[in-house]
>>> print(open('work-v2.txt').read())   # compact mmCIF, C-alpha atoms and all ligand atoms
# COMPACT_ATOMS: atom_id res chain seq x y z
CA MET J 1 -107.87 106.69 199.35
CA PRO J 2 -105.38 109.58 199.51
CA VAL J 3 -106.46 113.09 198.56
CA PHE J 4 -104.57 114.67 195.68
CA GLN J 5 -104.67 118.38 196.35
CA ALA J 6 -102.15 121.22 196.55
CA THR J 7 -102.30 124.93 197.35
CA THR J 8 -99.63 127.44 196.42
CA SER J 9 -99.34 131.23 196.10
CA ALA J 10 -97.54 133.36 193.56
CA PRO J 11 -96.94 137.09 193.89
CA VAL J 12 -97.40 139.79 191.30
CA ASN J 13 -94.31 140.92 189.40
CA ILE J 14 -93.80 144.45 188.11
CA ALA J 15 -91.70 144.87 184.98
CA CYS J 16 -88.87 147.39 184.78
CA ILE J 17 -88.16 146.44 181.15
CA LYS J 18 -91.59 145.87 179.63
CA TYR J 19 -92.80 142.92 177.60
CA TRP J 20 -95.03 144.34 174.87
CA GLY J 21 -95.52 142.37 171.67
CA LYS J 22 -95.66 138.72 170.63
CA ARG J 23 -93.95 137.04 167.71
CA ASP J 24 -96.15 133.97 168.27
CA ASN J 25 -99.63 134.49 169.71
CA THR J 26 -100.34 130.84 170.53
CA LEU J 27 -97.06 129.93 172.20
CA ILE J 28 -96.84 133.46 173.68
CA LEU J 29 -93.34 134.15 172.43
CA PRO J 30 -92.34 137.78 172.99
CA THR J 31 -90.76 140.26 170.61
CA ASN J 32 -88.25 141.33 173.28
CA SER J 33 -86.72 140.19 176.56
CA SER J 34 -88.10 141.75 179.74
CA LEU J 35 -87.12 142.07 183.38
CA SER J 36 -89.20 142.44 186.51
CA ILE J 37 -89.19 142.40 190.27
CA THR J 38 -91.44 139.90 192.01
CA LEU J 39 -93.15 141.39 195.06
CA SER J 40 -92.87 139.58 198.39
CA GLN J 41 -95.28 136.73 199.09
CA ASP J 42 -97.11 138.70 201.78
CA HIS J 43 -98.35 141.44 199.44
CA LEU J 44 -100.25 141.22 196.14
CA ARG J 45 -100.65 137.57 195.26
CA SER J 46 -102.82 134.82 193.84
CA THR J 47 -103.45 131.67 195.85
CA THR J 48 -104.56 128.59 193.97
CA THR J 49 -105.79 125.19 195.11
CA ALA J 50 -105.80 122.35 192.59
CA ARG J 51 -107.38 118.97 193.19
CA ALA J 52 -107.46 115.88 191.00
CA ASP J 53 -110.11 113.24 191.61
CA PRO J 54 -111.40 110.35 189.47
CA ILE J 55 -114.97 111.25 190.44
CA PHE J 56 -114.79 114.72 188.80
CA SER J 57 -116.80 114.53 185.58
CA GLU J 58 -115.10 117.59 184.07
CA THR J 59 -112.30 120.03 184.75
CA LYS J 60 -113.55 123.24 186.36
CA LEU J 61 -112.06 126.60 187.32
CA TRP J 62 -113.23 129.21 189.86
CA LEU J 63 -111.73 132.71 189.98
CA ASN J 64 -112.45 134.62 193.18
CA GLY J 65 -115.32 132.21 193.85
CA LYS J 66 -116.96 132.54 190.43
CA GLU J 67 -116.90 129.65 188.00
CA GLU J 68 -115.21 130.54 184.69
CA ASP J 69 -115.67 128.94 181.28
CA ILE J 70 -112.67 126.93 180.14
CA LYS J 71 -112.26 127.79 176.47
CA SER J 72 -111.55 124.77 174.32
CA GLY J 73 -108.02 125.10 172.91
CA GLY J 74 -107.46 128.23 175.02
CA ARG J 75 -104.56 129.28 177.23
CA LEU J 76 -105.67 127.38 180.31
CA GLU J 77 -106.13 124.17 178.37
CA ARG J 78 -102.65 124.50 176.89
CA CYS J 79 -101.12 124.94 180.37
CA LEU J 80 -103.02 121.95 181.73
CA ALA J 81 -102.09 119.76 178.76
CA GLN J 82 -98.42 120.59 179.21
CA LEU J 83 -98.48 119.82 182.95
CA LYS J 84 -100.32 116.52 182.38
CA LYS J 85 -97.74 115.57 179.74
CA MET J 86 -94.88 116.30 182.18
CA ARG J 87 -96.56 114.26 184.94
CA LYS J 88 -97.17 111.33 182.58
CA GLU J 89 -93.75 111.24 180.92
CA ARG J 90 -91.60 112.09 183.92
CA ILE J 91 -93.40 110.27 186.72
CA GLU J 92 -96.23 107.91 185.72
CA ASP J 93 -94.53 106.20 182.74
CA LYS J 94 -91.39 105.64 184.84
CA ASN J 95 -93.20 104.35 187.96
CA PRO J 96 -96.01 101.98 186.97
CA ASN J 97 -97.34 101.83 190.56
CA THR J 98 -97.90 105.59 190.80
CA PRO J 99 -101.54 106.66 190.48
CA LYS J 100 -102.27 108.00 187.02
CA ILE J 101 -103.67 111.27 188.28
CA SER J 102 -102.77 113.02 185.01
CA GLU J 103 -105.80 111.19 183.55
CA TRP J 104 -108.21 112.60 186.12
CA ASN J 105 -110.16 115.84 185.84
CA LEU J 106 -109.16 118.80 187.97
CA HIS J 107 -110.96 121.35 190.10
CA VAL J 108 -108.98 124.56 190.40
CA ALA J 109 -109.89 127.54 192.61
CA SER J 110 -107.87 130.75 192.57
CA TYR J 111 -108.14 133.94 194.65
CA ASN J 112 -106.45 137.29 194.23
CA ASN J 113 -106.02 139.51 197.28
CA PHE J 114 -106.24 142.63 195.03
CA PRO J 115 -108.53 143.95 192.24
CA THR J 116 -108.46 141.63 189.23
CA ALA J 117 -107.38 143.05 185.85
CA ALA J 118 -106.85 146.61 187.07
CA GLY J 119 -103.41 146.75 185.48
CA LEU J 120 -102.01 145.08 188.60
CA ALA J 121 -100.67 142.04 186.77
CA SER J 122 -103.36 139.64 187.99
CA SER J 123 -102.84 137.32 185.02
CA ALA J 124 -99.15 137.08 185.95
CA SER J 125 -99.68 135.93 189.53
CA GLY J 126 -102.78 133.94 188.50
CA PHE J 127 -101.13 131.72 185.89
CA ALA J 128 -97.96 131.41 187.99
CA ALA J 129 -99.99 130.19 191.00
CA LEU J 130 -102.02 127.87 188.77
CA THR J 131 -98.87 126.36 187.26
CA SER J 132 -97.10 125.92 190.59
CA SER J 133 -100.15 124.46 192.35
CA ILE J 134 -100.68 121.83 189.65
CA ALA J 135 -96.94 121.18 189.50
CA ALA J 136 -97.06 120.55 193.26
CA LEU J 137 -100.14 118.35 192.92
CA TYR J 138 -98.37 116.33 190.22
CA GLY J 139 -95.13 116.08 192.23
CA LEU J 140 -93.16 117.97 189.59
CA ASN J 141 -91.56 120.45 191.96
CA THR J 142 -90.11 119.50 195.27
CA PHE J 143 -89.56 121.51 198.39
CA THR J 144 -86.67 119.50 199.82
CA PRO J 145 -83.25 120.85 198.87
CA SER J 146 -81.76 117.33 198.82
CA GLU J 147 -84.07 116.04 196.10
CA PRO J 148 -83.78 117.59 192.65
CA ALA J 149 -87.08 118.87 191.27
CA VAL J 150 -88.60 116.84 188.44
CA ALA J 151 -89.19 120.15 186.66
CA SER J 152 -87.06 123.21 187.42
CA PRO J 153 -88.68 126.62 188.00
CA SER J 154 -87.41 127.71 184.55
CA GLU J 155 -89.13 124.69 182.96
CA LEU J 156 -92.32 125.55 184.83
CA SER J 157 -91.95 129.14 183.61
CA LEU J 158 -92.38 127.76 180.07
CA VAL J 159 -95.78 126.40 181.13
CA ALA J 160 -96.88 129.58 182.92
CA ARG J 161 -95.87 131.54 179.79
CA LEU J 162 -98.48 129.60 177.80
CA GLY J 163 -101.10 131.10 180.14
CA SER J 164 -99.86 134.69 180.14
CA GLY J 165 -96.46 135.98 179.08
CA SER J 166 -95.66 137.95 182.21
CA ALA J 167 -96.68 134.96 184.39
CA CYS J 168 -93.42 133.16 183.58
CA ARG J 169 -91.53 135.76 185.65
CA SER J 170 -93.66 135.18 188.79
CA LEU J 171 -92.30 131.63 189.12
CA PHE J 172 -89.23 133.20 190.71
CA GLY J 173 -88.80 135.67 193.53
CA GLY J 174 -86.48 138.66 193.36
CA PHE J 175 -85.14 140.08 190.09
CA VAL J 176 -86.22 138.03 187.10
CA ALA J 177 -85.48 138.12 183.38
CA TRP J 178 -87.66 136.56 180.70
CA GLU J 179 -85.38 135.77 177.80
CA VAL J 180 -86.79 136.45 174.35
CA GLY J 181 -85.32 133.19 172.96
CA SER J 182 -84.95 132.39 169.28
CA SER J 183 -86.49 128.96 168.79
CA LEU J 184 -89.77 128.60 166.93
CA THR J 185 -91.11 126.19 169.53
CA GLY J 186 -90.32 128.41 172.50
CA GLU J 187 -88.21 126.18 174.74
CA ASP J 188 -85.60 128.93 175.16
CA SER J 189 -88.12 131.67 175.94
CA LEU J 190 -88.02 131.18 179.68
CA ALA J 191 -87.57 133.02 182.95
CA ILE J 192 -84.35 133.02 184.95
CA GLN J 193 -83.53 134.63 188.26
CA VAL J 194 -81.04 137.48 187.85
CA ALA J 195 -80.71 137.92 191.63
CA PRO J 196 -82.72 136.78 194.66
CA GLN J 197 -84.65 139.28 196.75
CA GLU J 198 -82.01 139.01 199.52
CA HIS J 199 -79.41 140.38 197.13
CA TRP J 200 -81.02 143.83 197.34
CA PRO J 201 -83.40 143.64 200.31
CA THR J 202 -83.69 147.41 200.65
CA MET J 203 -85.54 147.68 197.33
CA HIS J 204 -89.25 148.48 197.84
CA ALA J 205 -92.24 148.83 195.54
CA LEU J 206 -95.02 151.23 196.44
CA ILE J 207 -98.23 150.36 194.64
CA CYS J 208 -100.34 153.44 193.99
CA VAL J 209 -103.82 152.44 192.90
CA VAL J 210 -105.08 155.34 190.85
CA ASN J 211 -108.11 153.44 189.63
CA ASP J 212 -109.05 149.88 190.46
CA ALA J 213 -111.67 149.45 187.72
CA LYS J 214 -111.07 146.85 184.99
CA LYS J 215 -108.86 148.38 182.29
CA GLY J 216 -110.09 149.50 178.84
CA THR J 217 -107.74 147.77 176.40
CA SER J 218 -106.38 144.43 177.58
CA SER J 219 -102.63 143.80 177.34
CA THR J 220 -103.25 140.93 174.93
CA SER J 221 -105.25 142.91 172.36
CA GLY J 222 -103.27 146.12 172.93
CA MET J 223 -99.91 144.55 172.23
CA GLN J 224 -101.20 142.74 169.16
CA ARG J 225 -102.37 146.07 167.71
CA THR J 226 -98.98 147.59 168.54
CA VAL J 227 -97.15 144.77 166.72
CA GLU J 228 -99.38 145.28 163.68
CA THR J 229 -99.14 149.07 163.48
CA SER J 230 -96.24 150.64 165.38
CA ALA J 231 -92.96 151.47 163.63
CA LEU J 232 -91.55 152.67 166.95
CA LEU J 233 -91.93 149.14 168.35
CA GLN J 234 -89.46 147.83 165.75
CA HIS J 235 -86.87 150.40 166.88
CA ARG J 236 -87.52 149.44 170.52
CA ILE J 237 -87.09 145.71 169.83
CA LYS J 238 -83.88 146.04 167.81
CA ASP J 239 -82.05 149.08 169.08
CA VAL J 240 -83.23 149.70 172.64
CA VAL J 241 -84.21 146.68 174.71
CA PRO J 242 -81.12 144.44 174.22
CA ALA J 243 -78.80 147.16 175.57
CA ARG J 244 -81.22 148.05 178.35
CA MET J 245 -81.45 144.45 179.51
CA LYS J 246 -77.66 144.29 179.90
CA ALA J 247 -77.53 147.66 181.63
CA ILE J 248 -80.31 146.93 184.12
CA GLU J 249 -78.88 143.51 184.98
CA LYS J 250 -75.58 145.23 185.75
CA ALA J 251 -77.36 147.91 187.81
CA ILE J 252 -79.08 145.17 189.82
CA LYS J 253 -75.85 143.21 190.34
CA ASP J 254 -74.09 146.42 191.46
CA LYS J 255 -77.12 147.61 193.51
CA ASP J 256 -76.79 150.87 191.58
CA PHE J 257 -80.15 152.55 192.23
CA ASP J 258 -79.44 155.58 190.03
CA SER J 259 -78.91 153.47 186.91
CA PHE J 260 -81.75 151.13 187.85
CA ALA J 261 -84.13 154.09 188.24
CA ARG J 262 -83.10 155.84 185.02
CA ILE J 263 -83.55 152.66 182.96
CA THR J 264 -86.87 151.75 184.63
CA MET J 265 -88.42 155.17 184.06
CA ALA J 266 -87.11 155.39 180.48
CA ASP J 267 -88.55 151.97 179.69
CA SER J 268 -91.95 152.75 181.18
CA ASN J 269 -92.05 155.94 179.12
CA GLN J 270 -91.03 154.14 175.94
CA PHE J 271 -93.65 151.46 176.49
CA HIS J 272 -96.36 154.14 176.77
CA ALA J 273 -94.89 155.93 173.73
CA VAL J 274 -95.21 152.68 171.79
CA ALA J 275 -98.83 152.35 172.97
CA LEU J 276 -99.44 155.89 171.69
CA ASP J 277 -97.71 154.99 168.40
CA THR J 278 -100.31 152.24 167.90
CA ALA J 279 -103.21 152.80 165.50
CA PRO J 280 -105.68 153.63 166.92
CA PRO J 281 -103.58 154.92 169.84
CA ILE J 282 -103.82 153.37 173.29
CA PHE J 283 -103.79 155.56 176.39
CA TYR J 284 -103.17 153.71 179.61
CA MET J 285 -102.10 156.58 181.85
CA ASN J 286 -104.45 159.32 183.00
CA ASP J 287 -103.91 162.79 184.48
CA VAL J 288 -103.22 161.38 187.94
CA SER J 289 -100.60 159.01 186.47
CA ARG J 290 -98.91 161.94 184.72
CA SER J 291 -98.94 163.98 187.95
CA ILE J 292 -97.18 161.10 189.70
CA ILE J 293 -94.50 161.16 187.00
CA ALA J 294 -94.09 164.91 187.52
CA LEU J 295 -93.85 164.46 191.30
CA VAL J 296 -91.20 161.72 191.09
CA GLU J 297 -89.20 163.66 188.50
CA GLU J 298 -89.26 166.71 190.81
CA LEU J 299 -88.22 164.64 193.86
CA ASN J 300 -85.34 163.23 191.86
CA ARG J 301 -84.30 166.68 190.58
CA VAL J 302 -84.13 168.04 194.13
CA SER J 303 -82.38 164.94 195.46
CA LEU J 304 -79.85 164.93 192.63
CA ALA J 305 -78.95 168.55 193.36
CA LYS J 306 -78.63 167.82 197.09
CA THR J 307 -77.04 164.38 197.26
CA GLY J 308 -76.04 163.50 193.70
CA HIS J 309 -78.48 160.54 193.73
CA LEU J 310 -82.01 159.68 192.66
CA VAL J 311 -84.60 158.61 195.23
CA ALA J 312 -87.40 156.96 193.26
CA ALA J 313 -88.39 155.37 189.96
CA TYR J 314 -91.93 155.21 188.58
CA THR J 315 -93.25 152.59 186.24
CA PHE J 316 -96.72 152.04 184.75
CA ASP J 317 -98.13 148.87 183.17
CA ALA J 318 -101.22 148.65 180.96
CA GLY J 319 -103.31 150.87 183.22
CA PRO J 320 -103.13 154.15 185.17
CA ASN J 321 -101.72 152.71 188.43
CA ALA J 322 -98.20 153.68 189.40
CA VAL J 323 -95.54 151.55 190.97
CA ILE J 324 -92.78 153.54 192.61
CA TYR J 325 -89.52 151.74 193.30
CA THR J 326 -87.46 153.22 196.08
CA GLU J 327 -84.94 152.11 198.69
CA GLU J 328 -85.85 151.44 202.30
CA GLU J 329 -84.38 154.67 203.66
CA ASN J 330 -86.68 156.73 201.41
CA VAL J 331 -89.93 154.76 201.76
CA LYS J 332 -91.36 156.88 204.60
CA GLN J 333 -90.56 160.17 202.88
CA ILE J 334 -91.99 159.05 199.52
CA ILE J 335 -95.22 157.76 201.09
CA GLU J 336 -95.67 161.00 203.04
CA ILE J 337 -95.16 163.12 199.94
CA VAL J 338 -97.39 160.97 197.72
CA VAL J 339 -100.18 160.97 200.32
CA ARG J 340 -99.84 164.74 200.79
CA TYR J 341 -100.32 165.41 197.06
CA PHE J 342 -102.79 162.58 196.43
CA PRO J 343 -104.93 162.15 199.55
CA GLN J 344 -106.12 158.61 200.20
CA SER J 345 -109.70 157.75 199.36
CA ASP J 346 -110.88 157.47 203.01
CA THR J 347 -110.58 161.20 203.40
CA ASN J 348 -110.67 162.09 199.75
CA PRO J 349 -113.69 164.12 198.62
CA PHE J 350 -112.92 163.55 194.92
CA PRO J 351 -114.61 160.88 192.80
CA ASP J 352 -113.02 157.64 191.71
CA PRO J 353 -110.20 158.63 189.35
CA PHE J 354 -108.57 160.55 192.18
CA LYS J 355 -108.56 157.61 194.53
CA LEU J 356 -104.99 156.77 195.32
CA PHE J 357 -103.52 154.38 197.79
CA ALA J 358 -99.91 154.61 198.76
CA GLY J 359 -98.15 151.85 200.58
CA LYS J 360 -96.81 148.45 199.77
CA GLN J 361 -100.31 147.08 199.31
CA PRO J 362 -103.51 148.80 198.14
CA LYS J 363 -105.82 149.47 201.03
CA ALA J 364 -108.73 148.26 198.93
CA ALA J 365 -107.38 144.70 198.96
CA PRO J 366 -109.55 142.40 201.08
C1 LIG E 401 -97.53 145.95 180.35
O1 LIG E 401 -98.54 139.17 180.27
O2 LIG E 401 -100.71 140.39 180.60
O3 LIG E 401 -97.62 144.33 182.08
O4 LIG E 401 -99.09 137.51 177.48
O5 LIG E 401 -101.13 138.51 176.46
O6 LIG E 401 -101.23 137.57 178.77
P1 LIG E 401 -100.37 138.25 177.72
O7 LIG E 401 -99.99 139.70 178.30
P2 LIG E 401 -99.53 140.12 179.75
O8 LIG E 401 -98.81 141.50 179.41
C2 LIG E 401 -98.12 142.25 180.38
C3 LIG E 401 -97.72 143.55 179.80
C4 LIG E 401 -97.13 144.55 180.79
C5 LIG E 401 -95.61 144.50 180.77
C6 LIG E 401 -94.92 143.39 181.51
O9 LIG E 401 -95.45 142.87 182.51
O10 LIG E 401 -93.79 143.08 181.11
>>> encode(input="work-v2.txt", output="structure tokens", more="lines below")
Ligand code: DP6
Amino acid sequence: MPVFQATTSAPVNIACIKYWGKRDNTLILPTNSSLSITLSQDHLRSTTTARADPIFSETKLWLNGKEEDIKSGGRLERCLAQLKKMRKERIEDKNPNTPKISEWNLHVASYNNFPTAAGLASSASGFAALTSSIAALYGLNTFTPSEPAVASPSELSLVARLGSGSACRSLFGGFVAWEVGSSLTGEDSLAIQVAPQEHWPTMHALICVVNDAKKGTSSTSGMQRTVETSALLQHRIKDVVPARMKAIEKAIKDKDFDSFARITMADSNQFHAVALDTAPPIFYMNDVSRSIIALVEELNRVSLAKTGHLVAAYTFDAGPNAVIYTEEENVKQIIEIVVRYFPQSDTNPFPDPFKLFAGKQPKAAP
């Protein structure tokens, strides 16, 4: 009897144009398009193994070794149902001799190599890895270039989106857009690759872990409150993001770091302004986060005066941790400066909030 099991990894992605707000909470349809960069496979990632077996009496999920409840009618169930439907309709119904593994229960185990839910996009890599591992188990994606995949990465992004919005972007490497779409059923709200990583290989992300504790207000509840209460969000959706999406895609195509950096920093700041415009207000950044902004702004001011170009771009998700985008030639200098102003925790006498790791990967990751 063959074993039906697959393991895949998906990296974290960090948005430059932020997704913040849903127009449909169940289908996870966003109020605006967004764009992110997927980190390389060897850094922050989730690795998921999925196994289907007729002897399993129920479907079970383990996250970092701990069994989790599977909420009836919840996000995970919706992802699984969609993948089973694809397997049944596209493979089993067409090939009567194929084992009907879509009818079997699953055991799914997922590990993150970084702190879960610390504002480091663990739900993004988690649901992307879950989707791709089950897609591999079900034979929906294929790794041979000669054979077309039964489901394209964009189609699989629709499934990952049902688990967590930002997860749809982690189905691709490189520079990825999640299109807002206009349909009520969501089939056009999918991820597409704007450019592969090799297009701009000198682009680096430095992850600065300011605090690796679980965050206060989750993205899901925070953005719902913003949709319900923020007038600024409406301005962002209509007047700001569509133009920014076009501009950042052009900056990426042209490898124009100055434009990329200006748009990325402006969008991070507007996202946090929108969080502050929520009632009651949401504060994701702390004093260390704000000092990092001040440091990057100062580095850019000096660099602009000297060379006419910017050197770095900060961006913050729903937590205090900073991601600094910079090009290869500046990585060493930026790390040295960040570490000088924010000593790493090994040697750092200050308590937790001052803990800061610079580098492409937090040192705390196992
Ligand atoms: C600030 O994708 O975690 O990181 O769809 O409710 O699961 P849900 O939210 P989630 O939100 C991510 C928000 C963000 C911005 C971004 O990644 O675009």
>>> atom_distance(input="work-v2.txt", atom1="atom CA of Gly21 of chain J", atom2="atom CA of Val227 of chain J")
5.7 Å
>>> residues_near_ligand(input="work-v2.txt", ligand="ligand LIG 401 (chain E)", cutoff="7 Å", atoms="all atoms listed in the file", output="PyMOL selection string")
chain J and resi 14-15+17-20+28+34+121+123-124+163-167+219-220+317-318
>>> write_last_selection(input="work-v2.txt", atoms="C-alpha atoms", output="mmCIF file, keeping the file's coordinate frame")
data_model
loop_
_atom_site.group_PDB
_atom_site.id
_atom_site.type_symbol
_atom_site.label_atom_id
_atom_site.label_comp_id
_atom_site.auth_asym_id
_atom_site.auth_seq_id
_atom_site.Cartn_x
_atom_site.Cartn_y
_atom_site.Cartn_z
ATOM 1 C CA ILE J 14 -93.800 144.450 188.110
ATOM 2 C CA ALA J 15 -91.700 144.870 184.980
ATOM 3 C CA ILE J 17 -88.160 146.440 181.150
ATOM 4 C CA LYS J 18 -91.590 145.870 179.630
ATOM 5 C CA TYR J 19 -92.800 142.920 177.600
ATOM 6 C CA TRP J 20 -95.030 144.340 174.870
ATOM 7 C CA ILE J 28 -96.840 133.460 173.680
ATOM 8 C CA SER J 34 -88.100 141.750 179.740
ATOM 9 C CA ALA J 121 -100.670 142.040 186.770
ATOM 10 C CA SER J 123 -102.840 137.320 185.020
ATOM 11 C CA ALA J 124 -99.150 137.080 185.950
ATOM 12 C CA GLY J 163 -101.100 131.100 180.140
ATOM 13 C CA SER J 164 -99.860 134.690 180.140
ATOM 14 C CA GLY J 165 -96.460 135.980 179.080
ATOM 15 C CA SER J 166 -95.660 137.950 182.210
ATOM 16 C CA ALA J 167 -96.680 134.960 184.390
ATOM 17 C CA SER J 219 -102.630 143.800 177.340
ATOM 18 C CA THR J 220 -103.250 140.930 174.930
ATOM 19 C CA ASP J 317 -98.130 148.870 183.170
ATOM 20 C CA ALA J 318 -101.220 148.650 180.960
#
>>> residues_around(input="work-v2.txt", residues="segment 190-203 of chain J", least_positions_apart="5", cutoff="9 Å", atoms="all atoms listed in the file", output="PyMOL selection string")
chain J and resi 35+37-40+153-158+161+168-181+249+252-253+255+257+325-329
>>> atom_distance(input="work-v2.txt", atom1="atom CA of Thr47 of chain J", atom2="atom CA of Ile101 of chain J")
21.8 Å
>>> atom_distance(input="work-v2.txt", atom1="atom CA of Leu299 of chain J", atom2="atom CA of Ile334 of chain J")
8.8 Å
>>> residues_near_point(input="work-v2.txt", point="(-93.1, 137.3, 166.8)", cutoff="10 Å", atoms="only C-alpha atoms", output="PyMOL selection string")
chain J and resi 21-25+27-32+180+182+184+227
>>> closest_atom_pairs(input="work-v2.txt", of="segment 166-262 of chain J", to="segment 273-296 of chain J", cutoff="12 Å", atoms="all atoms listed in the file", output="tab-separated table")
residue	atom	partner	partner_atom	distance
J:Ile207	CA	J:Ile292	CA	11.9
J:Cys208	CA	J:Ile292	CA	9.3
J:Val209	CA	J:Ser289	CA	9.7
J:Val210	CA	J:Val288	CA	7.0
J:Asn211	CA	J:Val288	CA	9.5
J:Lys214	CA	J:Tyr284	CA	11.8
J:Lys215	CA	J:Tyr284	CA	8.2
J:Gly216	CA	J:Tyr284	CA	8.1
J:Thr217	CA	J:Ile282	CA	7.5
J:Ser218	CA	J:Tyr284	CA	10.0
J:Ser219	CA	J:Tyr284	CA	10.2
J:Ser221	CA	J:Ile282	CA	10.6
J:Gly222	CA	J:Ile282	CA	7.3
J:Met223	CA	J:Ala275	CA	7.9
J:Gln224	CA	J:Thr278	CA	9.6
J:Arg225	CA	J:Thr278	CA	6.5
J:Thr226	CA	J:Thr278	CA	4.9
J:Val227	CA	J:Thr278	CA	8.2
J:Glu228	CA	J:Thr278	CA	8.2
J:Thr229	CA	J:Thr278	CA	5.6
J:Ser230	CA	J:Thr278	CA	5.0
J:Ala231	CA	J:Asp277	CA	7.6
J:Leu232	CA	J:Val274	CA	6.1
J:Leu233	CA	J:Val274	CA	5.9
J:Gln234	CA	J:Val274	CA	9.6
J:His235	CA	J:Val274	CA	9.9
J:Arg236	CA	J:Val274	CA	8.4
J:Ile237	CA	J:Val274	CA	10.9
J:Ala261	CA	J:Val296	CA	10.8
J:Arg262	CA	J:Val296	CA	11.7
>>> closest_residue(input="work-v2.txt", among="J:Lys71, J:His107, J:Arg90, J:Arg244", to="Asp53 of chain J", atoms="all atoms listed in the file")
J:His107
>>> closest_residue(input="work-v2.txt", among="J:Val3, J:Pro343, J:Val302, J:Leu206", to="Ile55 of chain J", atoms="all atoms listed in the file")
J:Val3
>>> residues_near_point(input="work-v2.txt", point="(-91.2, 152.4, 182.2)", cutoff="8 Å", atoms="only C-alpha atoms", output="list of chain:residue names")
J:Cys16, J:Ile17, J:Lys18, J:Ile263, J:Thr264, J:Met265, J:Ala266, J:Asp267, J:Ser268, J:Asn269, J:Gln270, J:Phe271, J:His272, J:Tyr314, J:Thr315, J:Phe316, J:Asp317
>>> axis_aligned_box(input="work-v2.txt", around="segment 230-239 of chain J", padding_each_side="4 Å", output="AutoDock Vina command-line options")
--center_x -89.1 --center_y 149.2 --center_z 167.1 --size_x 22.2 --size_y 15.0 --size_z 14.9
>>> closest_residue(input="work-v2.txt", among="J:Lys94, J:Arg78, J:Lys306, J:Lys84", to="Ala52 of chain J", atoms="all atoms listed in the file")
J:Lys84
>>> closest_residue(input="work-v2.txt", among="J:Ala10, J:Gly126, J:Ala313, J:Glu187", to="Glu298 of chain J", atoms="only C-alpha atoms")
J:Ala313
